[in-house]
Every structure is written in structure tokens, then in C-alpha cells.
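Data block below; observations after.
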Amino acid sequence: MNCYICTAPAEYYFSKQFDRFGLDTVDYERCTACGTVYAQTLLELPEYQWQSVCENYHGSYRGSGDNPDDPNWHVRLEQQAKVLSKLADNGLLSTGRPWLDYGCGEGELAGMLDTGIGQIARYDRYWKKEGYLQEPDLIPGDFDMVISTSTLEHLRSRSSMDALARLVTDDGCLGLHTLVRGEIPCDPNWFYLLPVHTIFYTNRGMAQLFDQWGFLSSLYVVEARLWVWFRKPLKQLLKEKPELVSIPGWHIAEGFMAYWP
Ligand SMILES: [Zn+2]
């Protein structure tokens, strides 16, 4: 395969034996240029089989308020809600157009934001509840803020990555939580290799995706494990909110903020 982000060829990296959720051996490939790693076997599963893996895996914990593979999940969501509310209060995130929690699952984060910011639209391709948006409701350029936490690592095509970014208004922002590393370890026992994780992002890959999607500056909040990508240059961001540089644990950069080694 070729890398979804930089189009360079990907090569075999390692395999992992799952033996659960209907999965056997999963092969991983790594982009020879930007180092992004792909769960090749999962990308090739027919849609019905992939859907069944997702439903079985997420159904194994959803509704319980806990995810055994991600014990810090709820605390992190609260931090993320706090950061996003603070940025909206400061005027750094527009609220003129609707906000969307894309890949929202049970809608926990959207629920935490509803009170401070107003009703947050919810969408999840594999988890439907009453009031959730359907595919035809996802109008490109319609959302001032698109939040995608723990979604990017579940996608299976470049077009689905672009579909997410395309929803953001011309001057809107993208809020992202996913794992990004300098290099993805060549280790079948690495904790992040879950049955539903398909793409493992590197700083080099993310920096390119960031540029391709037309963002200019970014903020990373360590405690919330959350990136906010802005359409405005860093200079303008700092002119509007010079205090951004002095908040402990908040890191801003021109381009993609590569925080993790
Ligand atoms: Zn690449």
C-alpha cells in the first residue's frame, strides 16, 4: 500500500496475533517516508466484518462508563471539556456556527460541553442514538468546531480522514485527541495496538496532514491530551491571546505542535 498521508510506499513492519473479536493475525505496515503505521489487515477487511469488529469491541464496555483498555478516559474527557470551554470563553473558538463531536460514541464529551457552549451536534458512524446526525446532515464547511477524540486511529481510508476535516468552516478549528509519536514502536505488545486501531500517526505524518488540511497554527494541552488546530497564523493567535504562551502545560506552535517524542 501507499501512505494515506504522504503517498510514499509502506513496507511490512510486524504482525500481532489477536484471537478475539473475530480477528486472527493482523499485519502492520510502515510508511517508508513519514513513518505512519497502518494495520493493513484491518484496512482490507470487508466493511461488514470491520463493522462487526467495531461493534463487538466497543459493545464490550460501552454503557459501563469504563474502558478497560483506556482507564483514564473519563478524567481526560473532563479535562478536554474544560479546555474547550475555556477557549470558547476566551473567544478563540467561534460559536456562531454549530460544534460537532465526530465519532462521539455515547456522546460523553458533547454532554459535558452542552451546558457551557450550547447543544453540541453528535455523529458516530458505528454508534447511533436518538438525536444523532446522520451522514446527509454532515454538510462540508458547516461546523465552527469539529471535535474528534479517539477517532482518527479508527479510520480506514484517506477519504474518511478528509471527510472529517472538510466539515470545518473556513475559519473554524479542529480539536483532536489521538496518539502521535516520533516513531511507532516495532512491538506487537505495544499497548496501543487494539483490535479497532487502524492508523498510528507520527509527528512527521501529522505535520503533513495539518498542512494539507489548511491549518496554520496549533495548541496542545498536555493534561487533556488535546490538540486544537487553528486556521490563523501563530502571530495572529498570539496577538489576540498573548497569555496562551504562559499557561503551564499549554504548548503552541506554527504548524503542527509535535509534543511527544
Ligand atoms: Zn507517509
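Identifiers in this document derive from the order of the C-alpha cells: chains are assigned A, B, ..., residues are numbered from 1 separately in each chain, and ligands are numbered from 1 in order of occurrence.
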Write out as a list in words each polymer residue (protein, DNA or RNA) that has an atom no more than 10 Å from ligand 1, with only C-alpha atoms and all ligand atoms counted.
Asn2, Cys3, Tyr4, Ile5, Cys6, Thr7, Ala8, Pro9, Ala10, Arg30, Cys31, Thr32, Ala33, Cys34, Gly35, Thr36, Val37, Tyr201, Thr202, Arg204, Gly205, Met206, Gln208 and Leu209 of chain A
What residues in range 1-245 of chain A get the DSSP label helix (DSSP H, G or I)? Please answer as an mmCIF file with N, CA and C atoms, in the first residue's frame.
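result_2.cif was written with the following content:
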```cif
data_model
loop_
_atom_site.group_PDB
_atom_site.id
_atom_site.type_symbol
_atom_site.label_atom_id
_atom_site.label_comp_id
_atom_site.auth_asym_id
_atom_site.auth_seq_id
_atom_site.Cartn_x
_atom_site.Cartn_y
_atom_site.Cartn_z
ATOM 1 N N GLN A 40 -2.661 -3.091 8.172
ATOM 2 C CA GLN A 40 -3.031 -3.450 6.805
ATOM 3 C C GLN A 40 -4.189 -4.449 6.757
ATOM 4 N N THR A 41 -4.131 -5.460 7.616
ATOM 5 C CA THR A 41 -5.190 -6.491 7.623
ATOM 6 C C THR A 41 -6.551 -5.864 7.943
ATOM 7 N N LEU A 42 -6.575 -4.906 8.881
ATOM 8 C CA LEU A 42 -7.845 -4.264 9.251
ATOM 9 C C LEU A 42 -8.354 -3.359 8.137
ATOM 10 N N LEU A 43 -7.421 -2.743 7.418
ATOM 11 C CA LEU A 43 -7.824 -1.862 6.313
ATOM 12 C C LEU A 43 -8.459 -2.667 5.180
ATOM 13 N N GLU A 44 -8.049 -3.951 5.088
ATOM 14 C CA GLU A 44 -8.542 -4.777 3.986
ATOM 15 C C GLU A 44 -9.807 -5.562 4.328
ATOM 16 N N GLU A 47 -16.296 -4.381 4.714
ATOM 17 C CA GLU A 47 -16.967 -3.441 5.623
ATOM 18 C C GLU A 47 -17.819 -4.147 6.682
ATOM 19 N N TYR A 48 -18.561 -5.208 6.271
ATOM 20 C CA TYR A 48 -19.449 -5.871 7.235
ATOM 21 C C TYR A 48 -18.638 -6.506 8.373
ATOM 22 N N GLN A 49 -17.456 -7.018 8.024
ATOM 23 C CA GLN A 49 -16.625 -7.675 9.044
ATOM 24 C C GLN A 49 -15.991 -6.627 9.970
ATOM 25 N N TRP A 50 -15.555 -5.530 9.372
ATOM 26 C CA TRP A 50 -14.983 -4.437 10.151
ATOM 27 C C TRP A 50 -16.024 -3.882 11.124
ATOM 28 N N GLN A 51 -17.243 -3.707 10.629
ATOM 29 C CA GLN A 51 -18.317 -3.199 11.464
ATOM 30 C C GLN A 51 -18.557 -4.128 12.652
ATOM 31 N N SER A 52 -18.483 -5.412 12.388
ATOM 32 C CA SER A 52 -18.709 -6.382 13.454
ATOM 33 C C SER A 52 -17.576 -6.327 14.491
ATOM 34 N N VAL A 53 -16.327 -6.145 14.035
ATOM 35 C CA VAL A 53 -15.206 -5.995 14.987
ATOM 36 C C VAL A 53 -15.449 -4.760 15.864
ATOM 37 N N CYS A 54 -15.828 -3.653 15.238
ATOM 38 C CA CYS A 54 -16.059 -2.398 15.981
ATOM 39 C C CYS A 54 -17.192 -2.551 16.987
ATOM 40 N N GLU A 55 -18.303 -3.128 16.536
ATOM 41 C CA GLU A 55 -19.460 -3.253 17.429
ATOM 42 C C GLU A 55 -19.150 -4.190 18.593
ATOM 43 N N ASN A 56 -18.483 -5.302 18.302
ATOM 44 C CA ASN A 56 -18.137 -6.241 19.375
ATOM 45 C C ASN A 56 -17.171 -5.621 20.373
ATOM 46 N N TYR A 57 -16.168 -4.930 19.844
ATOM 47 C CA TYR A 57 -15.164 -4.347 20.728
ATOM 48 C C TYR A 57 -15.767 -3.236 21.596
ATOM 49 N N HIS A 58 -16.444 -2.269 20.944
ATOM 50 C CA HIS A 58 -16.988 -1.148 21.710
ATOM 51 C C HIS A 58 -18.152 -1.580 22.595
ATOM 52 N N GLY A 59 -18.916 -2.548 22.112
ATOM 53 C CA GLY A 59 -20.034 -3.056 22.902
ATOM 54 C C GLY A 59 -19.576 -3.785 24.154
ATOM 55 N N TRP A 73 -9.871 7.418 30.678
ATOM 56 C CA TRP A 73 -10.719 8.006 29.658
ATOM 57 C C TRP A 73 -11.630 9.113 30.180
ATOM 58 N N HIS A 74 -12.348 8.874 31.273
ATOM 59 C CA HIS A 74 -13.337 9.824 31.733
ATOM 60 C C HIS A 74 -12.698 11.102 32.279
ATOM 61 N N VAL A 75 -11.621 10.939 33.021
ATOM 62 C CA VAL A 75 -10.902 12.099 33.571
ATOM 63 C C VAL A 75 -10.402 12.973 32.410
ATOM 64 N N ARG A 76 -9.886 12.294 31.378
ATOM 65 C CA ARG A 76 -9.369 13.024 30.218
ATOM 66 C C ARG A 76 -10.484 13.800 29.506
ATOM 67 N N LEU A 77 -11.647 13.186 29.366
ATOM 68 C CA LEU A 77 -12.776 13.876 28.739
ATOM 69 C C LEU A 77 -13.141 15.138 29.512
ATOM 70 N N GLU A 78 -13.117 15.049 30.832
ATOM 71 C CA GLU A 78 -13.432 16.222 31.657
ATOM 72 C C GLU A 78 -12.416 17.339 31.417
ATOM 73 N N GLN A 79 -11.141 16.950 31.320
ATOM 74 C CA GLN A 79 -10.080 17.935 31.033
ATOM 75 C C GLN A 79 -10.304 18.570 29.669
ATOM 76 N N GLN A 80 -10.671 17.731 28.699
ATOM 77 C CA GLN A 80 -10.882 18.230 27.340
ATOM 78 C C GLN A 80 -12.046 19.225 27.320
ATOM 79 N N ALA A 81 -13.098 18.890 28.015
ATOM 80 C CA ALA A 81 -14.264 19.777 28.074
ATOM 81 C C ALA A 81 -13.868 21.117 28.702
ATOM 82 N N LYS A 82 -13.029 21.056 29.735
ATOM 83 C CA LYS A 82 -12.592 22.263 30.434
ATOM 84 C C LYS A 82 -11.782 23.170 29.498
ATOM 85 N N VAL A 83 -10.855 22.559 28.768
ATOM 86 C CA VAL A 83 -10.003 23.315 27.840
ATOM 87 C C VAL A 83 -10.844 23.962 26.749
ATOM 88 N N LEU A 84 -11.758 23.194 26.165
ATOM 89 C CA LEU A 84 -12.568 23.712 25.060
ATOM 90 C C LEU A 84 -13.483 24.841 25.537
ATOM 91 N N SER A 85 -14.041 24.694 26.730
ATOM 92 C CA SER A 85 -14.903 25.749 27.276
ATOM 93 C C SER A 85 -14.097 27.020 27.516
ATOM 94 N N LYS A 86 -12.887 26.849 28.038
ATOM 95 C CA LYS A 86 -12.029 27.997 28.321
ATOM 96 C C LYS A 86 -11.682 28.735 27.022
ATOM 97 N N LEU A 87 -11.350 27.970 25.976
ATOM 98 C CA LEU A 87 -11.002 28.587 24.694
ATOM 99 C C LEU A 87 -12.209 29.308 24.087
ATOM 100 N N ALA A 88 -13.392 28.728 24.261
ATOM 101 C CA ALA A 88 -14.602 29.373 23.743
ATOM 102 C C ALA A 88 -14.882 30.653 24.524
ATOM 103 N N ASP A 89 -14.711 30.591 25.858
ATOM 104 C CA ASP A 89 -14.908 31.781 26.698
ATOM 105 C C ASP A 89 -13.962 32.901 26.290
ATOM 106 N N GLU A 108 -20.363 11.365 25.491
ATOM 107 C CA GLU A 108 -19.962 11.835 26.822
ATOM 108 C C GLU A 108 -19.364 13.238 26.780
ATOM 109 N N LEU A 109 -18.400 13.464 25.850
ATOM 110 C CA LEU A 109 -17.742 14.772 25.791
ATOM 111 C C LEU A 109 -18.750 15.842 25.373
ATOM 112 N N ALA A 110 -19.563 15.542 24.359
ATOM 113 C CA ALA A 110 -20.580 16.506 23.908
ATOM 114 C C ALA A 110 -21.495 16.873 25.077
ATOM 115 N N GLY A 111 -21.860 15.889 25.881
ATOM 116 C CA GLY A 111 -22.720 16.127 27.035
ATOM 117 C C GLY A 111 -22.081 17.078 28.033
ATOM 118 N N MET A 112 -20.759 16.935 28.230
ATOM 119 C CA MET A 112 -20.062 17.814 29.167
ATOM 120 C C MET A 112 -20.004 19.241 28.634
ATOM 121 N N LEU A 113 -19.998 19.395 27.289
ATOM 122 C CA LEU A 113 -19.882 20.724 26.679
ATOM 123 C C LEU A 113 -21.236 21.408 26.507
ATOM 124 N N ASP A 114 -22.297 20.608 26.428
ATOM 125 C CA ASP A 114 -23.638 21.134 26.172
ATOM 126 C C ASP A 114 -24.000 22.307 27.074
ATOM 127 N N THR A 115 -23.700 22.181 28.354
ATOM 128 C CA THR A 115 -24.144 23.189 29.311
ATOM 129 C C THR A 115 -23.457 24.530 29.099
ATOM 130 N N GLY A 116 -22.149 24.509 28.844
ATOM 131 C CA GLY A 116 -21.408 25.758 28.700
ATOM 132 C C GLY A 116 -21.525 26.392 27.324
ATOM 133 N N ILE A 117 -21.582 25.574 26.291
ATOM 134 C CA ILE A 117 -21.440 26.096 24.938
ATOM 135 C C ILE A 117 -22.751 26.055 24.161
ATOM 136 N N GLU A 135 -25.473 10.680 8.137
ATOM 137 C CA GLU A 135 -24.485 11.072 7.096
ATOM 138 C C GLU A 135 -24.935 12.305 6.276
ATOM 139 N N PRO A 136 -26.198 12.349 5.778
ATOM 140 C CA PRO A 136 -26.589 13.504 4.954
ATOM 141 C C PRO A 136 -26.571 14.837 5.714
ATOM 142 N N ASP A 137 -26.572 14.775 7.059
ATOM 143 C CA ASP A 137 -26.521 16.014 7.856
ATOM 144 C C ASP A 137 -25.111 16.595 7.931
ATOM 145 N N LEU A 152 -9.516 9.347 14.926
ATOM 146 C CA LEU A 152 -8.585 9.266 13.795
ATOM 147 C C LEU A 152 -7.894 7.909 13.681
ATOM 148 N N GLU A 153 -7.687 7.252 14.825
ATOM 149 C CA GLU A 153 -6.971 5.971 14.806
ATOM 150 C C GLU A 153 -7.893 4.812 14.421
ATOM 151 N N HIS A 154 -9.180 5.131 14.143
ATOM 152 C CA HIS A 154 -10.133 4.087 13.760
ATOM 153 C C HIS A 154 -10.491 4.148 12.275
ATOM 154 N N ARG A 158 -8.207 7.361 3.294
ATOM 155 C CA ARG A 158 -7.876 8.778 3.239
ATOM 156 C C ARG A 158 -9.154 9.601 3.079
ATOM 157 N N SER A 159 -10.116 9.056 2.328
ATOM 158 C CA SER A 159 -11.333 9.841 2.109
ATOM 159 C C SER A 159 -12.096 10.049 3.413
ATOM 160 N N SER A 160 -12.053 9.074 4.324
ATOM 161 C CA SER A 160 -12.755 9.279 5.595
ATOM 162 C C SER A 160 -12.008 10.278 6.480
ATOM 163 N N MET A 161 -10.673 10.348 6.325
ATOM 164 C CA MET A 161 -9.918 11.373 7.055
ATOM 165 C C MET A 161 -10.316 12.759 6.539
ATOM 166 N N ASP A 162 -10.357 12.884 5.210
ATOM 167 C CA ASP A 162 -10.698 14.174 4.599
ATOM 168 C C ASP A 162 -12.140 14.570 4.900
ATOM 169 N N ALA A 163 -13.031 13.583 4.976
ATOM 170 C CA ALA A 163 -14.453 13.872 5.232
ATOM 171 C C ALA A 163 -14.605 14.593 6.568
ATOM 172 N N LEU A 164 -13.790 14.201 7.530
ATOM 173 C CA LEU A 164 -13.826 14.817 8.863
ATOM 174 C C LEU A 164 -13.349 16.275 8.788
ATOM 175 N N ALA A 165 -12.191 16.477 8.154
ATOM 176 C CA ALA A 165 -11.594 17.817 8.108
ATOM 177 C C ALA A 165 -12.448 18.777 7.285
ATOM 178 N N ARG A 166 -13.105 18.249 6.267
ATOM 179 C CA ARG A 166 -13.901 19.063 5.358
ATOM 180 C C ARG A 166 -15.097 19.724 6.064
ATOM 181 N N ASN A 203 4.718 12.364 14.237
ATOM 182 C CA ASN A 203 4.789 13.823 14.125
ATOM 183 C C ASN A 203 4.978 14.247 12.667
ATOM 184 N N ARG A 204 5.815 13.486 11.940
ATOM 185 C CA ARG A 204 6.091 13.852 10.536
ATOM 186 C C ARG A 204 4.834 13.718 9.686
ATOM 187 N N GLY A 205 4.085 12.651 9.919
ATOM 188 C CA GLY A 205 2.860 12.443 9.159
ATOM 189 C C GLY A 205 1.819 13.495 9.506
ATOM 190 N N MET A 206 1.646 13.756 10.801
ATOM 191 C CA MET A 206 0.656 14.719 11.249
ATOM 192 C C MET A 206 0.956 16.118 10.718
ATOM 193 N N ALA A 207 2.247 16.471 10.693
ATOM 194 C CA ALA A 207 2.634 17.804 10.210
ATOM 195 C C ALA A 207 2.180 17.976 8.757
ATOM 196 N N GLN A 208 2.277 16.893 7.981
ATOM 197 C CA GLN A 208 1.858 16.986 6.577
ATOM 198 C C GLN A 208 0.342 17.068 6.448
ATOM 199 N N LEU A 209 -0.346 16.247 7.237
ATOM 200 C CA LEU A 209 -1.809 16.254 7.215
ATOM 201 C C LEU A 209 -2.331 17.647 7.595
ATOM 202 N N PHE A 210 -1.708 18.216 8.590
ATOM 203 C CA PHE A 210 -2.036 19.554 9.096
ATOM 204 C C PHE A 210 -1.956 20.587 7.953
ATOM 205 N N ASP A 211 -0.858 20.543 7.216
ATOM 206 C CA ASP A 211 -0.672 21.474 6.084
ATOM 207 C C ASP A 211 -1.680 21.183 4.975
ATOM 208 N N GLN A 212 -1.856 19.890 4.674
ATOM 209 C CA GLN A 212 -2.772 19.521 3.589
ATOM 210 C C GLN A 212 -4.193 19.998 3.880
ATOM 211 N N LEU A 234 0.248 31.723 13.800
ATOM 212 C CA LEU A 234 0.612 31.835 15.213
ATOM 213 C C LEU A 234 0.671 33.298 15.666
ATOM 214 N N LYS A 235 1.237 34.133 14.811
ATOM 215 C CA LYS A 235 1.382 35.556 15.119
ATOM 216 C C LYS A 235 0.027 36.181 15.489
ATOM 217 N N GLN A 236 -0.983 35.851 14.676
ATOM 218 C CA GLN A 236 -2.320 36.420 14.894
ATOM 219 C C GLN A 236 -2.940 35.869 16.185
ATOM 220 N N LEU A 237 -2.725 34.564 16.395
ATOM 221 C CA LEU A 237 -3.244 33.905 17.592
ATOM 222 C C LEU A 237 -2.691 34.581 18.848
ATOM 223 N N LEU A 238 -1.377 34.855 18.817
ATOM 224 C CA LEU A 238 -0.720 35.447 19.984
ATOM 225 C C LEU A 238 -1.088 36.915 20.159
ATOM 226 N N LYS A 239 -1.387 37.568 19.050
ATOM 227 C CA LYS A 239 -1.825 38.958 19.121
ATOM 228 C C LYS A 239 -3.170 39.010 19.845
ATOM 229 N N GLU A 240 -4.037 38.048 19.519
ATOM 230 C CA GLU A 240 -5.357 38.010 20.145
ATOM 231 C C GLU A 240 -5.277 37.564 21.606
ATOM 232 N N PRO A 242 -2.182 36.834 23.973
ATOM 233 C CA PRO A 242 -0.761 36.664 24.325
ATOM 234 C C PRO A 242 -0.559 35.735 25.517
ATOM 235 N N GLU A 243 -1.588 35.603 26.363
ATOM 236 C CA GLU A 243 -1.431 34.766 27.571
ATOM 237 C C GLU A 243 -1.328 33.274 27.252
ATOM 238 N N LEU A 244 -1.614 32.917 25.986
ATOM 239 C CA LEU A 244 -1.544 31.490 25.612
ATOM 240 C C LEU A 244 -0.172 30.878 25.890
ATOM 241 N N VAL A 245 0.878 31.691 25.760
ATOM 242 C CA VAL A 245 2.229 31.150 25.955
ATOM 243 C C VAL A 245 2.560 30.901 27.418
#
```
CA of Trp190 in chain A to CA of Tyr13 in chain A, straight-line distance in Å: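 About the pair CA of Tyr13 in chain A and CA of Trp190 in chain A: they are 13.2 Å apart.
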- [ ] May I have the residues within 8 Å of His197 in chain A as a PyMOL selection string, using only C-alpha atoms and disregarding those fewer than 2 positions away in the same chain?
- [x] chain A and resi 39+153-154+192-195+199-200
Review point. So which residues of range 56-251 of chain A fall under strand (DSSP E) by DSSP, listed as number ranges by chain?
Key: A: 99-102, 121-123, 143-149, 168-177, 180-181, 199-202, 217-221, 226-230, 250-251
Item checked: For Arg122 in chain A: contacts at 10 Å, only C-alpha atoms, fewer than 2 positions along chain excluded, given as number ranges by chain -> A: 99-107, 109-111, 119-120, 124, 128-134, 147
Could you check which of A:Leu93, A:Val196, A:Cys173, A:Cys186 is closest to Thr151 in chain A, using only C-alpha atoms?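 Looking at the shortest contact to Thr151 in chain A, the residue is A:Val196.
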